[in-house]
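Shown below: upload-v9.txt, with compact mmCIF, C-alpha atoms.
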# COMPACT_ATOMS: atom_id res chain seq x y z
CA MET A 1 0.00 0.00 0.00
CA SER A 2 1.44 3.33 -0.98
CA VAL A 3 1.59 6.15 1.53
CA PRO A 4 0.68 9.60 0.17
CA SER A 5 3.46 12.13 0.30
CA PRO A 6 2.87 15.02 2.69
CA SER A 7 2.16 18.31 0.98
CA PRO A 8 5.23 20.53 0.94
CA GLY A 9 5.13 23.22 3.59
CA PRO A 10 6.77 26.65 3.55
CA ARG A 11 10.43 26.44 2.56
CA SER A 12 11.50 29.60 4.32
CA HIS A 13 10.82 31.39 7.57
CA HIS A 14 11.17 34.75 5.79
CA LEU A 15 8.94 36.14 3.05
CA ASP A 16 9.81 39.24 1.06
CA PRO A 17 6.77 41.57 1.27
CA ARG A 18 7.45 42.52 -2.35
CA LEU A 19 6.42 38.99 -3.37
CA LEU A 20 3.14 39.35 -1.48
CA ARG A 21 2.49 42.67 -3.21
CA ALA A 22 3.11 41.03 -6.59
CA PHE A 23 0.71 38.22 -5.68
CA LEU A 24 -2.07 40.56 -4.53
CA THR A 25 -1.81 42.71 -7.64
CA VAL A 26 -2.19 39.67 -9.88
CA ALA A 27 -5.02 38.42 -7.64
CA ASP A 28 -6.80 41.78 -8.08
CA GLU A 29 -6.31 41.95 -11.86
CA LEU A 30 -6.30 38.23 -12.73
CA HIS A 31 -4.10 39.33 -15.60
CA PHE A 32 -0.30 39.36 -15.52
CA THR A 33 0.16 42.13 -18.10
CA ARG A 34 -2.19 44.56 -16.34
CA ALA A 35 -0.68 43.69 -12.95
CA ALA A 36 2.85 44.32 -14.26
CA ALA A 37 1.76 47.73 -15.58
CA ARG A 38 0.32 48.64 -12.16
CA LEU A 39 3.57 47.70 -10.46
CA TYR A 40 5.80 49.35 -13.09
CA VAL A 41 7.75 46.14 -13.68
CA ALA A 42 8.29 43.84 -16.65
CA GLN A 43 5.80 40.99 -16.98
CA GLN A 44 8.64 38.45 -16.87
CA ALA A 45 9.88 39.90 -13.58
CA LEU A 46 6.37 39.72 -12.11
CA SER A 47 6.00 36.09 -13.19
CA ARG A 48 9.34 35.27 -11.57
CA ASP A 49 8.23 36.86 -8.30
CA VAL A 50 4.97 34.87 -8.26
CA ARG A 51 6.80 31.62 -8.99
CA ARG A 52 9.28 32.40 -6.22
CA LEU A 53 6.43 32.99 -3.75
CA GLU A 54 4.85 29.69 -4.80
CA ARG A 55 8.16 27.93 -4.12
CA GLU A 56 8.52 29.66 -0.75
CA LEU A 57 5.02 28.60 0.32
CA GLY A 58 5.08 25.21 -1.36
CA ALA A 59 1.71 25.91 -2.95
CA GLU A 60 0.32 26.73 -6.37
CA LEU A 61 -1.47 30.08 -6.19
CA PHE A 62 -2.79 30.59 -9.73
CA VAL A 63 -4.09 28.44 -12.55
CA ARG A 64 -2.72 29.92 -15.78
CA THR A 65 -4.11 29.17 -19.22
CA THR A 66 -3.70 30.95 -22.52
CA ARG A 67 -7.07 32.63 -21.95
CA GLN A 68 -7.34 33.38 -18.26
CA VAL A 69 -5.74 33.46 -14.83
CA THR A 70 -7.66 32.21 -11.79
CA LEU A 71 -6.85 31.77 -8.12
CA THR A 72 -6.42 28.28 -6.71
CA GLY A 73 -7.86 27.35 -3.33
CA ASP A 74 -4.48 28.11 -1.74
CA GLY A 75 -4.39 31.42 -3.59
CA GLU A 76 -7.79 32.43 -2.22
CA ARG A 77 -6.66 31.40 1.26
CA LEU A 78 -3.53 33.55 1.00
CA VAL A 79 -5.32 36.77 -0.03
CA PRO A 80 -6.53 37.94 3.43
CA TYR A 81 -3.21 37.02 5.08
CA ALA A 82 -1.24 38.92 2.42
CA ARG A 83 -3.45 41.99 2.80
CA ARG A 84 -2.95 42.07 6.57
CA VAL A 85 0.83 41.73 6.23
CA LEU A 86 1.09 44.53 3.68
CA ASP A 87 -1.31 46.79 5.57
CA ALA A 88 0.84 46.35 8.69
CA GLN A 89 4.00 47.06 6.71
CA ASP A 90 2.53 50.23 5.19
CA GLU A 91 1.39 51.39 8.62
CA LEU A 92 4.84 50.78 10.10
CA LEU A 93 6.65 52.57 7.27
CA ALA A 94 4.27 55.52 7.42
CA ALA A 95 4.87 55.87 11.15
CA PHE A 96 8.65 55.92 10.83
CA ALA A 97 8.72 57.95 7.62
CA GLN A 98 7.28 60.91 9.48
CA ALA A 99 10.62 61.18 11.26
CA ARG A 100 12.65 61.98 8.15
CA PRO A 101 12.31 62.97 4.48
CA LEU A 102 13.47 61.00 1.46
CA LEU A 103 16.90 62.43 0.58
CA VAL A 104 17.45 62.60 -3.18
CA ASP A 105 20.80 63.58 -4.68
CA LEU A 106 20.48 65.59 -7.92
CA ASN A 107 24.28 65.81 -8.48
CA PHE A 108 24.15 69.60 -8.93
CA PRO A 109 21.36 72.22 -8.72
CA ASP A 110 20.66 72.58 -12.45
CA GLN A 111 20.67 68.88 -13.37
CA ALA A 112 17.53 68.92 -15.50
CA THR A 113 16.76 65.20 -15.67
CA ALA A 114 17.06 64.51 -11.94
CA ARG A 115 15.23 67.71 -11.03
CA ALA A 116 12.30 66.85 -13.33
CA VAL A 117 11.97 63.42 -11.69
CA LEU A 118 12.04 64.93 -8.20
CA LEU A 119 9.39 67.53 -9.07
CA ARG A 120 7.09 64.88 -10.55
CA ALA A 121 7.57 62.69 -7.47
CA ARG A 122 6.54 65.57 -5.23
CA GLU A 123 3.35 65.90 -7.28
CA LEU A 124 2.67 62.17 -6.94
CA ALA A 125 3.27 62.15 -3.18
CA PRO A 126 2.24 65.59 -1.89
CA ASP A 127 2.01 64.36 1.70
CA GLN A 128 5.62 63.15 1.72
CA GLU A 129 8.79 65.22 2.07
CA LEU A 130 11.38 64.70 -0.66
CA MET A 131 14.48 66.83 -0.16
CA ALA A 132 17.23 67.54 -2.68
CA ARG A 133 20.92 67.05 -2.02
CA TYR A 134 23.90 67.81 -4.28
CA GLU A 135 26.84 65.37 -4.22
CA SER A 136 28.33 66.36 -7.64
CA GLY A 137 28.66 62.80 -8.98
CA LEU A 138 27.29 59.28 -8.61
CA THR A 139 30.51 57.81 -7.22
CA GLY A 140 30.55 60.55 -4.62
CA ALA A 141 26.94 59.81 -3.75
CA ALA A 142 27.36 56.02 -3.63
CA GLY A 143 29.16 56.02 -0.29
CA GLU A 144 26.43 58.21 1.17
CA LEU A 145 23.78 55.85 -0.19
CA LEU A 146 25.42 52.83 1.41
CA ALA A 147 25.84 54.67 4.70
CA GLY A 148 22.15 55.57 4.74
CA ARG A 149 22.83 59.31 4.59
CA LEU A 150 21.21 59.48 1.13
CA ASP A 151 18.30 57.49 -0.28
CA ALA A 152 18.67 57.91 -4.04
CA SER A 153 20.87 59.51 -6.67
CA PHE A 154 21.21 59.74 -10.45
CA GLY A 155 23.99 58.88 -12.85
CA ARG A 156 25.82 56.26 -14.88
CA PHE A 157 25.29 53.05 -12.93
CA THR A 158 27.66 50.98 -15.09
CA GLY A 159 30.49 53.40 -14.34
CA LEU A 160 30.46 52.56 -10.64
CA ASP A 161 32.98 50.19 -9.11
CA PRO A 162 31.53 46.62 -9.13
CA ALA A 163 31.83 46.47 -5.34
CA LEU A 164 29.49 49.47 -5.09
CA ARG A 165 27.04 48.15 -7.70
CA ALA A 166 26.65 44.92 -5.73
CA SER A 167 24.89 46.80 -2.91
CA LEU A 168 22.88 49.17 -5.11
CA ASP A 169 19.99 48.88 -7.53
CA HIS A 170 18.93 51.12 -10.41
CA GLN A 171 16.17 52.06 -12.84
CA PRO A 172 17.15 53.34 -16.33
CA VAL A 173 15.80 56.86 -16.76
CA ARG A 174 17.35 58.60 -19.76
CA LEU A 175 19.85 58.40 -22.58
CA GLU A 176 20.86 62.04 -22.36
CA PRO A 177 22.40 63.59 -25.52
CA MET A 178 25.85 64.96 -24.85
CA ALA A 179 27.30 68.35 -25.76
CA VAL A 180 30.44 70.43 -25.52
CA VAL A 181 30.87 73.80 -23.80
CA LEU A 182 33.18 76.05 -25.81
CA PRO A 183 34.70 79.48 -25.17
CA GLU A 184 32.59 81.87 -27.23
CA ASP A 185 35.63 82.77 -29.39
CA HIS A 186 36.55 79.13 -30.08
CA PRO A 187 36.72 78.26 -33.82
CA LEU A 188 33.95 75.65 -33.36
CA ALA A 189 31.62 78.07 -31.55
CA SER A 190 30.16 79.26 -34.85
CA LEU A 191 28.69 75.79 -35.53
CA ASP A 192 25.14 74.92 -34.44
CA ARG A 193 26.25 71.33 -33.79
CA VAL A 194 29.75 69.96 -33.40
CA PRO A 195 30.71 66.69 -35.15
CA LEU A 196 32.92 64.57 -32.93
CA ALA A 197 35.53 64.49 -35.68
CA ALA A 198 35.85 68.27 -35.38
CA LEU A 199 37.22 67.82 -31.84
CA GLU A 200 40.23 65.87 -33.10
CA GLY A 201 43.36 67.44 -31.63
CA GLU A 202 41.42 69.16 -28.83
CA THR A 203 41.95 68.63 -25.11
CA VAL A 204 38.55 68.38 -23.44
CA TYR A 205 37.80 68.63 -19.73
CA ALA A 206 35.88 65.59 -18.44
CA GLY A 207 36.42 65.66 -14.68
CA ALA A 208 39.74 63.80 -14.62
CA GLY A 209 41.03 63.56 -11.08
CA ASN A 210 37.68 64.37 -9.46
CA PRO A 211 37.07 61.52 -6.97
CA ARG A 212 33.31 62.13 -7.10
CA THR A 213 32.92 61.64 -10.88
CA PRO A 214 35.19 58.88 -12.24
CA GLU A 215 32.16 57.33 -13.97
CA TRP A 216 31.93 60.49 -16.14
CA THR A 217 35.65 60.51 -16.95
CA ASP A 218 35.40 56.84 -17.95
CA LEU A 219 32.48 57.66 -20.26
CA ALA A 220 34.58 60.38 -21.91
CA ARG A 221 37.53 58.03 -22.32
CA ARG A 222 35.36 55.49 -24.11
CA LEU A 223 33.84 58.19 -26.32
CA PHE A 224 37.18 59.80 -27.25
CA GLU A 225 39.05 56.55 -27.83
CA GLY A 226 40.38 56.35 -31.39
CA ARG A 227 39.14 59.84 -32.26
CA GLY A 228 42.27 61.84 -31.44
CA ILE A 229 40.60 63.71 -28.57
CA ALA A 230 42.54 64.06 -25.33
CA ILE A 231 41.12 64.29 -21.82
CA ALA A 232 42.35 67.39 -20.00
CA PRO A 233 44.56 66.69 -16.97
CA PRO A 234 43.18 67.26 -13.46
CA VAL A 235 42.57 70.82 -12.34
CA PRO A 236 42.09 72.05 -8.76
CA LEU A 237 38.85 70.57 -7.46
CA ALA A 238 36.32 73.40 -7.60
CA VAL A 239 33.58 73.41 -4.96
CA GLY A 240 30.51 75.34 -6.05
CA GLU A 241 29.28 76.67 -9.37
CA GLU A 242 31.16 79.96 -9.15
CA GLU A 243 34.53 78.29 -8.54
CA PHE A 244 33.93 75.75 -11.31
CA ARG A 245 33.22 78.53 -13.80
CA ARG A 246 36.30 80.44 -12.68
CA ILE A 247 38.62 77.45 -13.13
CA MET A 248 37.15 76.56 -16.51
CA ALA A 249 37.50 80.15 -17.74
CA LYS A 250 41.14 80.04 -16.68
CA THR A 251 41.99 76.80 -18.51
CA ARG A 252 39.82 77.58 -21.59
CA ASN A 253 39.48 73.87 -22.35
CA PRO A 254 36.25 72.72 -23.99
CA ILE A 255 34.08 70.90 -21.43
CA LEU A 256 32.25 67.64 -22.08
CA ALA A 257 28.65 68.13 -20.92
CA VAL A 258 25.03 67.22 -21.69
CA VAL A 259 22.53 69.22 -23.70
CA ASP A 260 20.79 70.52 -20.55
CA PHE A 261 24.01 71.80 -18.98
CA PRO A 262 23.41 75.23 -17.37
CA PRO A 263 24.80 78.28 -19.23
CA MET A 264 28.21 79.67 -18.29
CA PRO A 265 29.43 83.24 -18.98
CA ALA A 266 31.47 83.75 -22.16
CA THR A 267 30.73 80.24 -23.44
CA VAL A 268 28.39 78.47 -25.85
CA LEU A 269 26.84 75.02 -25.56
CA ARG A 270 26.82 72.90 -28.71
CA PRO A 271 25.29 69.41 -29.14
CA LEU A 272 27.66 66.70 -30.31
CA VAL A 273 26.77 64.73 -33.45
CA GLU A 274 28.09 62.15 -35.91
CA PRO A 275 27.49 60.05 -33.85
CA VAL A 276 25.19 61.44 -31.17
CA PRO A 277 26.83 60.41 -27.88
CA LEU A 278 24.35 59.50 -25.15
CA SER A 279 25.01 59.65 -21.43
CA PRO A 280 23.21 56.78 -19.62
CA VAL A 281 21.31 58.11 -16.59
CA SER A 282 19.72 55.83 -13.99
CA LEU A 283 17.89 56.37 -10.73
CA VAL A 284 20.14 54.60 -8.20
CA TRP A 285 19.29 53.51 -4.67
CA ARG A 286 20.49 51.28 -1.86
CA ARG A 287 19.16 47.73 -2.08
CA GLY A 288 16.46 47.07 0.48
CA LEU A 289 15.43 50.74 0.66
CA THR A 290 11.94 51.19 2.09
CA HIS A 291 10.29 54.59 2.33
CA PRO A 292 6.75 55.65 1.36
CA ALA A 293 8.07 58.39 -0.90
CA PHE A 294 10.46 56.12 -2.78
CA ASP A 295 7.67 54.42 -4.75
CA ALA A 296 6.62 57.88 -5.97
CA LEU A 297 10.19 58.71 -6.99
CA ARG A 298 10.57 55.51 -8.97
CA ARG A 299 7.14 55.92 -10.55
CA ALA A 300 8.05 59.50 -11.54
CA ALA A 301 11.23 58.28 -13.24
CA ILE A 302 9.31 55.67 -15.22
CA GLU A 303 6.49 58.03 -16.19
CA LEU A 304 8.82 60.74 -17.47
CA SER A 305 10.96 58.23 -19.36
CA VAL A 306 7.85 57.12 -21.24
CA GLU A 307 6.19 60.52 -21.69
CA LEU A 308 9.33 62.28 -22.92
CA ASP A 309 10.80 59.26 -24.76
CA TRP A 310 13.94 59.66 -22.70
CA LEU A 311 15.20 56.15 -23.41
CA HIS A 312 14.93 56.50 -27.16
CA ARG A 313 18.19 55.78 -28.94
CA PRO A 314 18.54 57.54 -32.31
CA VAL A 315 19.87 55.55 -35.25
CA ASP A 316 23.25 57.25 -34.93
CA GLY A 317 23.22 57.25 -31.14
CA TRP A 318 26.37 56.09 -29.35
CA VAL A 319 26.29 54.30 -25.99
CA PRO A 320 29.26 52.37 -24.53
CA ALA A 321 28.94 48.64 -25.11
CA THR A 322 29.51 48.16 -21.38
CA ASP A 323 26.31 50.10 -20.55
CA LYS A 324 23.85 48.45 -22.92
CA LEU A 325 22.81 45.61 -20.63
CA ASP A 326 22.21 47.88 -17.64
CA MET A 327 20.17 50.28 -19.78
CA ASN A 328 18.15 47.46 -21.44
CA ILE A 329 19.58 48.24 -24.88
CA HIS A 330 19.46 45.14 -27.03
CA LYS A 331 21.36 46.26 -30.14
Same coordinates, now as structure tokens:
Amino acid sequence: MSVPSPSPGPRSHHLDPRLLRAFLTVADELHFTRAAARLYVAQQALSRDVRRLERELGAELFVRTTRQVTLTGDGERLVPYARRVLDAQDELLAAFAQARPLLVDLNFPDQATARAVLLRARELAPDQELMARYESGLTGAAGELLAGRLDASFGRFTGLDPALRASLDHQPVRLEPMAVVLPEDHPLASLDRVPLAALEGETVYAGAGNPRTPEWTDLARRLFEGRGIAIAPPVPLAVGEEEFRRIMAKTRNPILAVVDFPPMPATVLRPLVEPVPLSPVSLVWRRGLTHPAFDALRRAAIELSVELDWLHRPVDGWVPATDKLDMNIHK
């Protein structure tokens, strides 16, 4: 006589609340595509989370066919428990969030992409306090993120040291067209757009020696490689916009920038073309971050990326091969 095998019980004493949220959203919609859109995640990622929860609980939660998704008996049994857990988590986070704001690093005051995301997040979460900070570069901000003195920042995630990336997460936000800042009497200043080939023989400032921005210098090195463009040697580290402008006026080197770079006296800003170099910008945060305002910040980044087509890559757009996977670029 055969003895029936006992049903598998929970395989872990710890459940990630994110998995319960994924389950409840699918349970509400009974449709994986709609649920993924509500959560601002890819459908494949949502399916992985549901399968992981099923493995953790040792129970099948949904019956999936090509036409419909329905809850199993175990799925129906889980719904009220999951709601109570998430309600308690939300209540706890709301209670502690009142003690501090979400601290968001914009790099510098006129960083247009990061500022737009922050402003949209404030609209989405008017009852939360989101405060700006200015750490000048993503590498400089990364240590503050890991120490818990910052909650989020913006920049080139791939350019971070792998040891830093291992403790951080990111959301692609924008492929930002790059530009060059030229002295107004520079021979190239008369052009509306500057072909990269026209910079051959130039020495361009790209933050070399600045410990807060090595990810930007690395981007410049990859862009200039094989094009006869040199990276300017380190200059005294300027703290503040006024000092930066003074040092740059003194060296008179062209400056590698982005198209939304703030104006500087006696200079012109010209987009770079042939190809169009693109600076990969992500929203970056410490793994495990929980804060009621953070969902609004991430949602704002996704909304603006879609509305403004920020992740569009033109036919002649250039992005380092190293960055394509992190930015979900498949060609």
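Going from atom CA of Leu311 of chain A over to atom CA of Glu176 of chain A, you cover 8.2 Å.
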Within 6 Å of Asp323 of chain A, counting only C-alpha atoms, which residues qualify if same-chain residues fewer than 3 places away don't, as a list in words? Thr158, Pro320 and Asp326 of chain A
List the neighbours of segment 61-74 of chain A out to 12 Å using all atoms listed in the file; skip same-chain residues closer than 6 positions along the sequence, and give me the result as a list in words.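 Listing them by chain and then by number gives Leu20, Ala22, Phe23, Leu24, Val26, Ala27, Asp28, Glu29, Leu30, His31, Phe32, Thr33, Arg34, Ala35, Ser47, Val50, Arg51, Arg52, Leu53, Glu54, Arg55, Pro80 and Tyr81 of chain A.
Straight-line separation from atom CA of Asp110 of chain A to atom CA of Glu225 of chain A: 28.8 Å.
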In terms of the shortest atom-to-atom distance over only C-alpha atoms, which of A:Leu130, A:Leu150, A:Ala82, A:Val117 is closest to Arg286 of chain A?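 For Arg286 of chain A, the nearest of the candidates is A:Leu150.
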In terms of the shortest atom-to-atom distance over all atoms listed in the file, which of A:Met178, A:Leu297, A:Leu219, A:Leu278 is closest to Val194 of chain A?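 Ranking A:Met178, A:Leu297, A:Leu219, A:Leu278 by distance to Val194 of chain A, first place goes to A:Met178.
Using only C-alpha atoms, the smallest distance between any of A:Pro234, A:Gly58, A:Gly148, A:Pro277 and Thr213 of chain A comes from A:Pro234.
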What is the atom CA of Pro162 of chain A to atom CA of Ala141 of chain A distance in Å?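 Separating atom CA of Pro162 of chain A from atom CA of Ala141 of chain A is a distance of 15.0 Å.
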Between A:Arg313, A:Arg84, A:Arg270, A:Arg149, which has the minimum distance to Leu175 of chain A (counting all atoms listed in the file)?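 Of A:Arg313, A:Arg84, A:Arg270, A:Arg149, the one nearest Leu175 of chain A, counting all atoms listed in the file, is A:Arg313.
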Tell me which protein, DNA and RNA residues are within 12 Å of Gly201 of chain A, counting all atoms listed in the file, leaving out same-chain ones fewer than 3 positions away, and put them as JSON, numbers by chain. {"A": [196, 197, 198, 204, 224, 226, 227, 228, 229, 230, 231, 232, 253, 254]}
With distances taken over all atoms listed in the file, which of A:His14, A:Gly288, A:Ala321, A:Thr267 is nearest to Asp185 of chain A?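 The shortest atom-to-atom distance to Asp185 of chain A comes from A:Thr267.
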For each of A:Glu200, A:Glu76, A:Asp49, A:Trp310, take the minimum atom-to-atom distance to Ala36 of chain A, counting all atoms listed in the file, then give the residue where this is smallest. A:Asp49
Save segment 309-320 of chain A of the structure in the block above to a file, with all heavy atoms included, as a JSON list (two decimals), in the first residue's frame.
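Saved to selection-v5.json:
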[["chain", "number", "residue", "atom", "x", "y", "z"],
["A", 309, "ASP", "N", 10.00, 60.15, -23.90],
["A", 309, "ASP", "CA", 10.80, 59.26, -24.76],
["A", 309, "ASP", "C", 12.28, 59.36, -24.42],
["A", 309, "ASP", "O", 13.14, 59.35, -25.30],
["A", 309, "ASP", "CB", 10.57, 59.61, -26.24],
["A", 309, "ASP", "CG", 10.79, 58.42, -27.15],
["A", 309, "ASP", "OD1", 10.85, 57.28, -26.64],
["A", 309, "ASP", "OD2", 10.93, 58.62, -28.37],
["A", 310, "TRP", "N", 12.58, 59.44, -23.14],
["A", 310, "TRP", "CA", 13.94, 59.66, -22.70],
["A", 310, "TRP", "C", 14.88, 58.50, -23.00],
["A", 310, "TRP", "O", 16.10, 58.69, -23.05],
["A", 310, "TRP", "CB", 13.95, 59.92, -21.19],
["A", 310, "TRP", "CG", 13.78, 61.36, -20.83],
["A", 310, "TRP", "CD1", 13.77, 62.43, -21.68],
["A", 310, "TRP", "CD2", 13.61, 61.88, -19.51],
["A", 310, "TRP", "NE1", 13.60, 63.60, -20.98],
["A", 310, "TRP", "CE2", 13.50, 63.28, -19.64],
["A", 310, "TRP", "CE3", 13.53, 61.31, -18.25],
["A", 310, "TRP", "CZ2", 13.33, 64.12, -18.53],
["A", 310, "TRP", "CZ3", 13.36, 62.13, -17.15],
["A", 310, "TRP", "CH2", 13.26, 63.52, -17.29],
["A", 311, "LEU", "N", 14.34, 57.30, -23.16],
["A", 311, "LEU", "CA", 15.20, 56.15, -23.41],
["A", 311, "LEU", "C", 15.30, 55.81, -24.89],
["A", 311, "LEU", "O", 15.83, 54.76, -25.25],
["A", 311, "LEU", "CB", 14.71, 54.94, -22.60],
["A", 311, "LEU", "CG", 14.92, 55.06, -21.09],
["A", 311, "LEU", "CD1", 14.23, 53.93, -20.35],
["A", 311, "LEU", "CD2", 16.41, 55.08, -20.75],
["A", 312, "HIS", "N", 14.81, 56.70, -25.72],
["A", 312, "HIS", "CA", 14.93, 56.50, -27.16],
["A", 312, "HIS", "C", 16.39, 56.64, -27.58],
["A", 312, "HIS", "O", 17.08, 57.57, -27.18],
["A", 312, "HIS", "CB", 14.08, 57.51, -27.93],
["A", 312, "HIS", "CG", 14.33, 57.49, -29.40],
["A", 312, "HIS", "ND1", 13.94, 56.45, -30.21],
["A", 312, "HIS", "CD2", 14.96, 58.40, -30.22],
["A", 312, "HIS", "CE1", 14.29, 56.71, -31.45],
["A", 312, "HIS", "NE2", 14.91, 57.86, -31.49],
["A", 313, "ARG", "N", 16.83, 55.73, -28.41],
["A", 313, "ARG", "CA", 18.19, 55.78, -28.94],
["A", 313, "ARG", "C", 18.12, 56.05, -30.44],
["A", 313, "ARG", "O", 17.64, 55.23, -31.21],
["A", 313, "ARG", "CB", 18.92, 54.46, -28.69],
["A", 313, "ARG", "CG", 20.38, 54.46, -29.15],
["A", 313, "ARG", "CD", 20.96, 53.07, -29.02],
["A", 313, "ARG", "NE", 22.32, 53.03, -29.50],
["A", 313, "ARG", "CZ", 22.95, 51.91, -29.83],
["A", 313, "ARG", "NH1", 22.32, 50.74, -29.75],
["A", 313, "ARG", "NH2", 24.20, 51.93, -30.24],
["A", 314, "PRO", "N", 18.57, 57.25, -30.88],
["A", 314, "PRO", "CA", 18.54, 57.54, -32.31],
["A", 314, "PRO", "C", 19.40, 56.56, -33.10],
["A", 314, "PRO", "O", 20.27, 55.88, -32.54],
["A", 314, "PRO", "CB", 19.09, 58.97, -32.40],
["A", 314, "PRO", "CG", 19.79, 59.21, -31.11],
["A", 314, "PRO", "CD", 19.15, 58.34, -30.08],
["A", 315, "VAL", "N", 19.15, 56.51, -34.40],
["A", 315, "VAL", "CA", 19.87, 55.55, -35.25],
["A", 315, "VAL", "C", 21.37, 55.74, -35.12],
["A", 315, "VAL", "O", 22.13, 54.77, -35.09],
["A", 315, "VAL", "CB", 19.42, 55.72, -36.72],
["A", 315, "VAL", "CG1", 20.26, 54.84, -37.63],
["A", 315, "VAL", "CG2", 17.94, 55.38, -36.87],
["A", 316, "ASP", "N", 21.82, 56.99, -35.04],
["A", 316, "ASP", "CA", 23.25, 57.25, -34.93],
["A", 316, "ASP", "C", 23.67, 57.52, -33.49],
["A", 316, "ASP", "O", 24.70, 58.14, -33.24],
["A", 316, "ASP", "CB", 23.66, 58.44, -35.82],
["A", 316, "ASP", "CG", 22.94, 59.72, -35.44],
["A", 316, "ASP", "OD1", 21.91, 59.65, -34.73],
["A", 316, "ASP", "OD2", 23.41, 60.81, -35.85],
["A", 317, "GLY", "N", 22.89, 57.04, -32.54],
["A", 317, "GLY", "CA", 23.22, 57.25, -31.14],
["A", 317, "GLY", "C", 24.34, 56.32, -30.68],
["A", 317, "GLY", "O", 24.36, 55.14, -31.04],
["A", 318, "TRP", "N", 25.24, 56.86, -29.89],
["A", 318, "TRP", "CA", 26.37, 56.09, -29.35],
["A", 318, "TRP", "C", 26.20, 55.90, -27.86],
["A", 318, "TRP", "O", 25.95, 56.85, -27.11],
["A", 318, "TRP", "CB", 27.68, 56.82, -29.63],
["A", 318, "TRP", "CG", 28.88, 56.18, -28.98],
["A", 318, "TRP", "CD1", 29.71, 55.25, -29.52],
["A", 318, "TRP", "CD2", 29.38, 56.43, -27.65],
["A", 318, "TRP", "NE1", 30.68, 54.88, -28.62],
["A", 318, "TRP", "CE2", 30.51, 55.60, -27.46],
["A", 318, "TRP", "CE3", 28.99, 57.28, -26.61],
["A", 318, "TRP", "CZ2", 31.25, 55.58, -26.28],
["A", 318, "TRP", "CZ3", 29.71, 57.26, -25.42],
["A", 318, "TRP", "CH2", 30.83, 56.43, -25.26],
["A", 319, "VAL", "N", 26.29, 54.64, -27.41],
["A", 319, "VAL", "CA", 26.29, 54.30, -25.99],
["A", 319, "VAL", "C", 27.41, 53.27, -25.80],
["A", 319, "VAL", "O", 27.57, 52.37, -26.63],
["A", 319, "VAL", "CB", 24.95, 53.68, -25.56],
["A", 319, "VAL", "CG1", 24.98, 53.28, -24.09],
["A", 319, "VAL", "CG2", 23.81, 54.65, -25.80],
["A", 320, "PRO", "N", 28.20, 53.38, -24.73],
["A", 320, "PRO", "CA", 29.26, 52.37, -24.53],
["A", 320, "PRO", "C", 28.69, 50.97, -24.50],
["A", 320, "PRO", "O", 27.62, 50.73, -23.93],
["A", 320, "PRO", "CB", 29.87, 52.75, -23.18],
["A", 320, "PRO", "CG", 29.50, 54.18, -22.96],
["A", 320, "PRO", "CD", 28.19, 54.38, -23.64]]
